[in-house]
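A short worksheet on the structure shown next.
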Amino acid sequence: MKAVTWHGKRDVRVDEVPDPGIQDPTDVVVRVTSTGICGSDLHLYELFGPFLDEGDILGHEAMGVIAETGSEVTNVAVGDRVVVPFNVSCGTCHMCGQGLHSQCETTQVREYGSGASLFGYTKLYGQVPGGQAEYLRVPFGNTLPIKVPE
């Protein structure tokens, strides 16, 4: 698949990378139909290079269609349109239960004292491949993607 990848300060490219797949039974794979670019992406372009590796897939705030589901996913199905939040959060821990998904206890990056992991961001936030790509692996398929009504 094609994806936007980081190669160094001010060096972002569209590369051919391996397709993501189901790794855990609660994962889904989303065929991305649109994704946003926001100010936090500009930090990666210019500032946060020490916390990125060449080839990291950038992007967050993706929208798309469920292409594949893990065996334990019951809340969304293949063909459903979904929005994927920036935060990678479990939806079930104490902090998520309080509506504080950016502080998810399950995906917190304790090594750096950061909050929840983020899609398409740096080592400071889990270095999870992002959504400026044709496909995106989304963990916590029963709680993280938000189904878009017809």
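Labels for the structure tokens follow display order: chains A, B, ..., residues from 1 in each chain, ligands from 1.
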
Dump as a tab-separated table the rows for residues of segment 89-138 of chain A within 12 Å of segment 10-31 of chain A: closest atom pair and distance in Å with one decimal, only C-alpha atoms counted, ordered by chain and rising residue number.
```
residue	atom	partner	partner_atom	distance
A:Cys90	CA	A:Thr26	CA	10.5
A:Val128	CA	A:Pro20	CA	11.5
A:Pro129	CA	A:Pro20	CA	9.0
A:Gly130	CA	A:Pro20	CA	10.7
A:Gly131	CA	A:Val30	CA	9.1
A:Gln132	CA	A:Val14	CA	9.3
A:Ala133	CA	A:Arg31	CA	8.6
A:Glu134	CA	A:Arg31	CA	5.9
A:Tyr135	CA	A:Arg31	CA	4.6
A:Leu136	CA	A:Val30	CA	5.2
A:Arg137	CA	A:Val29	CA	4.5
A:Val138	CA	A:Val28	CA	5.2
```

Next, write the just-selected residues to a file, as an mmCIF file, in the first residue's frame, keeping N, CA and C atoms as the atom set.
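The new file part.cif reads:
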```cif
data_model
loop_
_atom_site.group_PDB
_atom_site.id
_atom_site.type_symbol
_atom_site.label_atom_id
_atom_site.label_comp_id
_atom_site.auth_asym_id
_atom_site.auth_seq_id
_atom_site.Cartn_x
_atom_site.Cartn_y
_atom_site.Cartn_z
ATOM 1 N N CYS A 90 -8.137 2.261 25.083
ATOM 2 C CA CYS A 90 -8.858 0.987 25.231
ATOM 3 C C CYS A 90 -10.349 1.168 25.426
ATOM 4 N N VAL A 128 2.847 4.324 16.901
ATOM 5 C CA VAL A 128 1.834 3.495 16.244
ATOM 6 C C VAL A 128 1.681 3.973 14.796
ATOM 7 N N PRO A 129 1.765 3.084 13.808
ATOM 8 C CA PRO A 129 1.606 3.524 12.410
ATOM 9 C C PRO A 129 0.305 4.307 12.214
ATOM 10 N N GLY A 130 0.403 5.376 11.394
ATOM 11 C CA GLY A 130 -0.692 6.325 11.263
ATOM 12 C C GLY A 130 -1.617 6.111 10.083
ATOM 13 N N GLY A 131 -2.538 7.066 9.933
ATOM 14 C CA GLY A 131 -3.639 6.948 9.004
ATOM 15 C C GLY A 131 -3.488 7.671 7.681
ATOM 16 N N GLN A 132 -2.333 8.269 7.404
ATOM 17 C CA GLN A 132 -2.131 8.836 6.074
ATOM 18 C C GLN A 132 -1.581 7.718 5.205
ATOM 19 N N ALA A 133 -2.468 6.738 5.005
ATOM 20 C CA ALA A 133 -2.121 5.506 4.313
ATOM 21 C C ALA A 133 -3.394 4.921 3.717
ATOM 22 N N GLU A 134 -3.229 3.932 2.883
ATOM 23 C CA GLU A 134 -4.409 3.309 2.289
ATOM 24 C C GLU A 134 -5.164 2.441 3.297
ATOM 25 N N TYR A 135 -4.439 1.855 4.248
ATOM 26 C CA TYR A 135 -5.052 1.008 5.280
ATOM 27 C C TYR A 135 -4.442 1.325 6.633
ATOM 28 N N LEU A 136 -5.235 1.117 7.695
ATOM 29 C CA LEU A 136 -4.805 1.399 9.059
ATOM 30 C C LEU A 136 -5.268 0.280 9.973
ATOM 31 N N ARG A 137 -4.329 -0.313 10.701
ATOM 32 C CA ARG A 137 -4.689 -1.290 11.745
ATOM 33 C C ARG A 137 -5.129 -0.505 12.976
ATOM 34 N N VAL A 138 -6.324 -0.832 13.484
ATOM 35 C CA VAL A 138 -6.883 -0.148 14.646
ATOM 36 C C VAL A 138 -7.095 -1.177 15.753
#
```

- Task: Name all residues at most 7 Å from His101 of chain A (count only C-alpha atoms; drop same-chain ones fewer than 4 positions away) and give them as a list in words.
- Result: Asn87, Ser89, Met95 and Cys96 of chain A

Report as a tab-separated table the residues of segment 52-138 of chain A within 10 Å of segment 35-40 of chain A, each with its shortest atom pair and distance in Å (one decimal), using only C-alpha atoms, ordered by chain and increasing residue number.
```
residue	atom	partner	partner_atom	distance
A:Leu58	CA	A:Ile37	CA	9.7
A:Gly59	CA	A:Ile37	CA	7.0
A:His60	CA	A:Thr35	CA	6.7
A:Glu61	CA	A:Thr35	CA	5.7
A:Ala62	CA	A:Thr35	CA	4.2
A:Met63	CA	A:Thr35	CA	6.0
A:Gly64	CA	A:Thr35	CA	8.6
A:Val83	CA	A:Thr35	CA	9.4
A:Val84	CA	A:Thr35	CA	9.4
A:Tyr121	CA	A:Ser40	CA	8.8
A:Gly130	CA	A:Thr35	CA	9.8
A:Gly131	CA	A:Thr35	CA	6.6
A:Gln132	CA	A:Thr35	CA	6.2
A:Ala133	CA	A:Thr35	CA	8.7
```

Restricted to all heavy atoms, what would the selected residues look like written as a compact mmCIF listing (two decimals), in the first residue's frame?
```
# COMPACT_ATOMS: atom_id res chain seq x y z
N LEU A 58 2.94 8.35 9.06
CA LEU A 58 2.37 9.49 9.75
C LEU A 58 0.85 9.52 9.63
O LEU A 58 0.26 8.78 8.87
CB LEU A 58 2.96 10.79 9.17
CG LEU A 58 4.48 10.88 9.17
CD1 LEU A 58 4.93 12.20 8.55
CD2 LEU A 58 5.03 10.74 10.58
N GLY A 59 0.24 10.43 10.36
CA GLY A 59 -1.17 10.75 10.19
C GLY A 59 -2.09 10.19 11.23
O GLY A 59 -1.85 9.15 11.81
N HIS A 60 -3.14 10.94 11.46
CA HIS A 60 -4.15 10.55 12.43
C HIS A 60 -5.48 11.16 12.01
O HIS A 60 -5.58 11.80 10.97
CB HIS A 60 -3.74 11.01 13.83
CG HIS A 60 -3.35 12.45 13.90
ND1 HIS A 60 -2.08 12.89 13.62
CD2 HIS A 60 -4.07 13.55 14.19
CE1 HIS A 60 -2.03 14.21 13.76
NE2 HIS A 60 -3.23 14.64 14.10
N GLU A 61 -6.49 10.93 12.83
CA GLU A 61 -7.83 11.44 12.53
C GLU A 61 -8.33 10.93 11.18
O GLU A 61 -8.81 11.68 10.34
CB GLU A 61 -7.85 12.97 12.60
CG GLU A 61 -7.47 13.49 13.98
CD GLU A 61 -7.23 14.99 14.05
OE1 GLU A 61 -7.34 15.67 13.01
OE2 GLU A 61 -6.93 15.47 15.15
N ALA A 62 -8.23 9.63 11.00
CA ALA A 62 -8.63 9.00 9.74
C ALA A 62 -10.10 8.62 9.76
O ALA A 62 -10.70 8.41 10.81
CB ALA A 62 -7.78 7.75 9.50
N MET A 63 -10.64 8.51 8.57
CA MET A 63 -12.00 8.02 8.38
C MET A 63 -11.94 6.99 7.27
O MET A 63 -11.13 7.10 6.35
CB MET A 63 -12.94 9.16 7.98
CG MET A 63 -14.36 8.74 7.79
SD MET A 63 -15.37 10.21 7.47
CE MET A 63 -16.97 9.48 7.57
N GLY A 64 -12.77 5.94 7.38
CA GLY A 64 -12.75 4.93 6.34
C GLY A 64 -13.81 3.88 6.53
O GLY A 64 -14.80 4.08 7.24
N VAL A 83 -14.95 6.54 12.01
CA VAL A 83 -13.95 7.57 12.28
C VAL A 83 -13.01 6.97 13.33
O VAL A 83 -13.45 6.29 14.25
CB VAL A 83 -14.61 8.85 12.82
CG1 VAL A 83 -13.57 9.86 13.27
CG2 VAL A 83 -15.52 9.46 11.77
N VAL A 84 -11.72 7.23 13.17
CA VAL A 84 -10.73 6.72 14.12
C VAL A 84 -10.10 7.91 14.84
O VAL A 84 -9.45 8.75 14.22
CB VAL A 84 -9.63 5.90 13.40
CG1 VAL A 84 -8.63 5.36 14.40
CG2 VAL A 84 -10.26 4.77 12.58
N TYR A 121 2.35 9.01 15.31
CA TYR A 121 3.14 10.00 16.02
C TYR A 121 4.48 9.40 16.44
O TYR A 121 4.95 8.43 15.85
CB TYR A 121 2.34 10.58 17.20
CG TYR A 121 2.48 12.08 17.28
CD1 TYR A 121 2.04 12.89 16.25
CD2 TYR A 121 3.08 12.68 18.37
CE1 TYR A 121 2.20 14.27 16.31
CE2 TYR A 121 3.23 14.05 18.44
CZ TYR A 121 2.79 14.83 17.40
OH TYR A 121 2.96 16.19 17.46
N GLY A 130 0.40 5.38 11.39
CA GLY A 130 -0.69 6.33 11.26
C GLY A 130 -1.62 6.11 10.08
O GLY A 130 -1.48 5.16 9.32
N GLY A 131 -2.54 7.07 9.93
CA GLY A 131 -3.64 6.95 9.00
C GLY A 131 -3.49 7.67 7.68
O GLY A 131 -4.43 7.69 6.90
N GLN A 132 -2.33 8.27 7.40
CA GLN A 132 -2.13 8.84 6.07
C GLN A 132 -1.58 7.72 5.20
O GLN A 132 -0.44 7.70 4.77
CB GLN A 132 -1.21 10.05 6.13
CG GLN A 132 -1.90 11.22 6.79
CD GLN A 132 -0.99 12.43 6.96
OE1 GLN A 132 0.19 12.40 6.65
NE2 GLN A 132 -1.55 13.50 7.47
N ALA A 133 -2.47 6.74 5.00
CA ALA A 133 -2.12 5.51 4.31
C ALA A 133 -3.39 4.92 3.72
O ALA A 133 -4.50 5.36 4.04
CB ALA A 133 -1.50 4.51 5.30
```

- Please provide the set of residues having any atom within 10 Å of Cys93 of chain A, restricted to only C-alpha atoms, with same-chain residues fewer than 6 positions apart removed, written as a ChimeraX atom specification. /A:100-101,103-107

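Reported to one decimal place, the separation of atom CA of Gly126 of chain A from atom CA of Ser114 of chain A is 9.1 Å.
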
- Item | Atom-to-atom span, atom CA of Thr92 of chain A and atom CA of Ser71 of chain A, Å | 19.0 Å
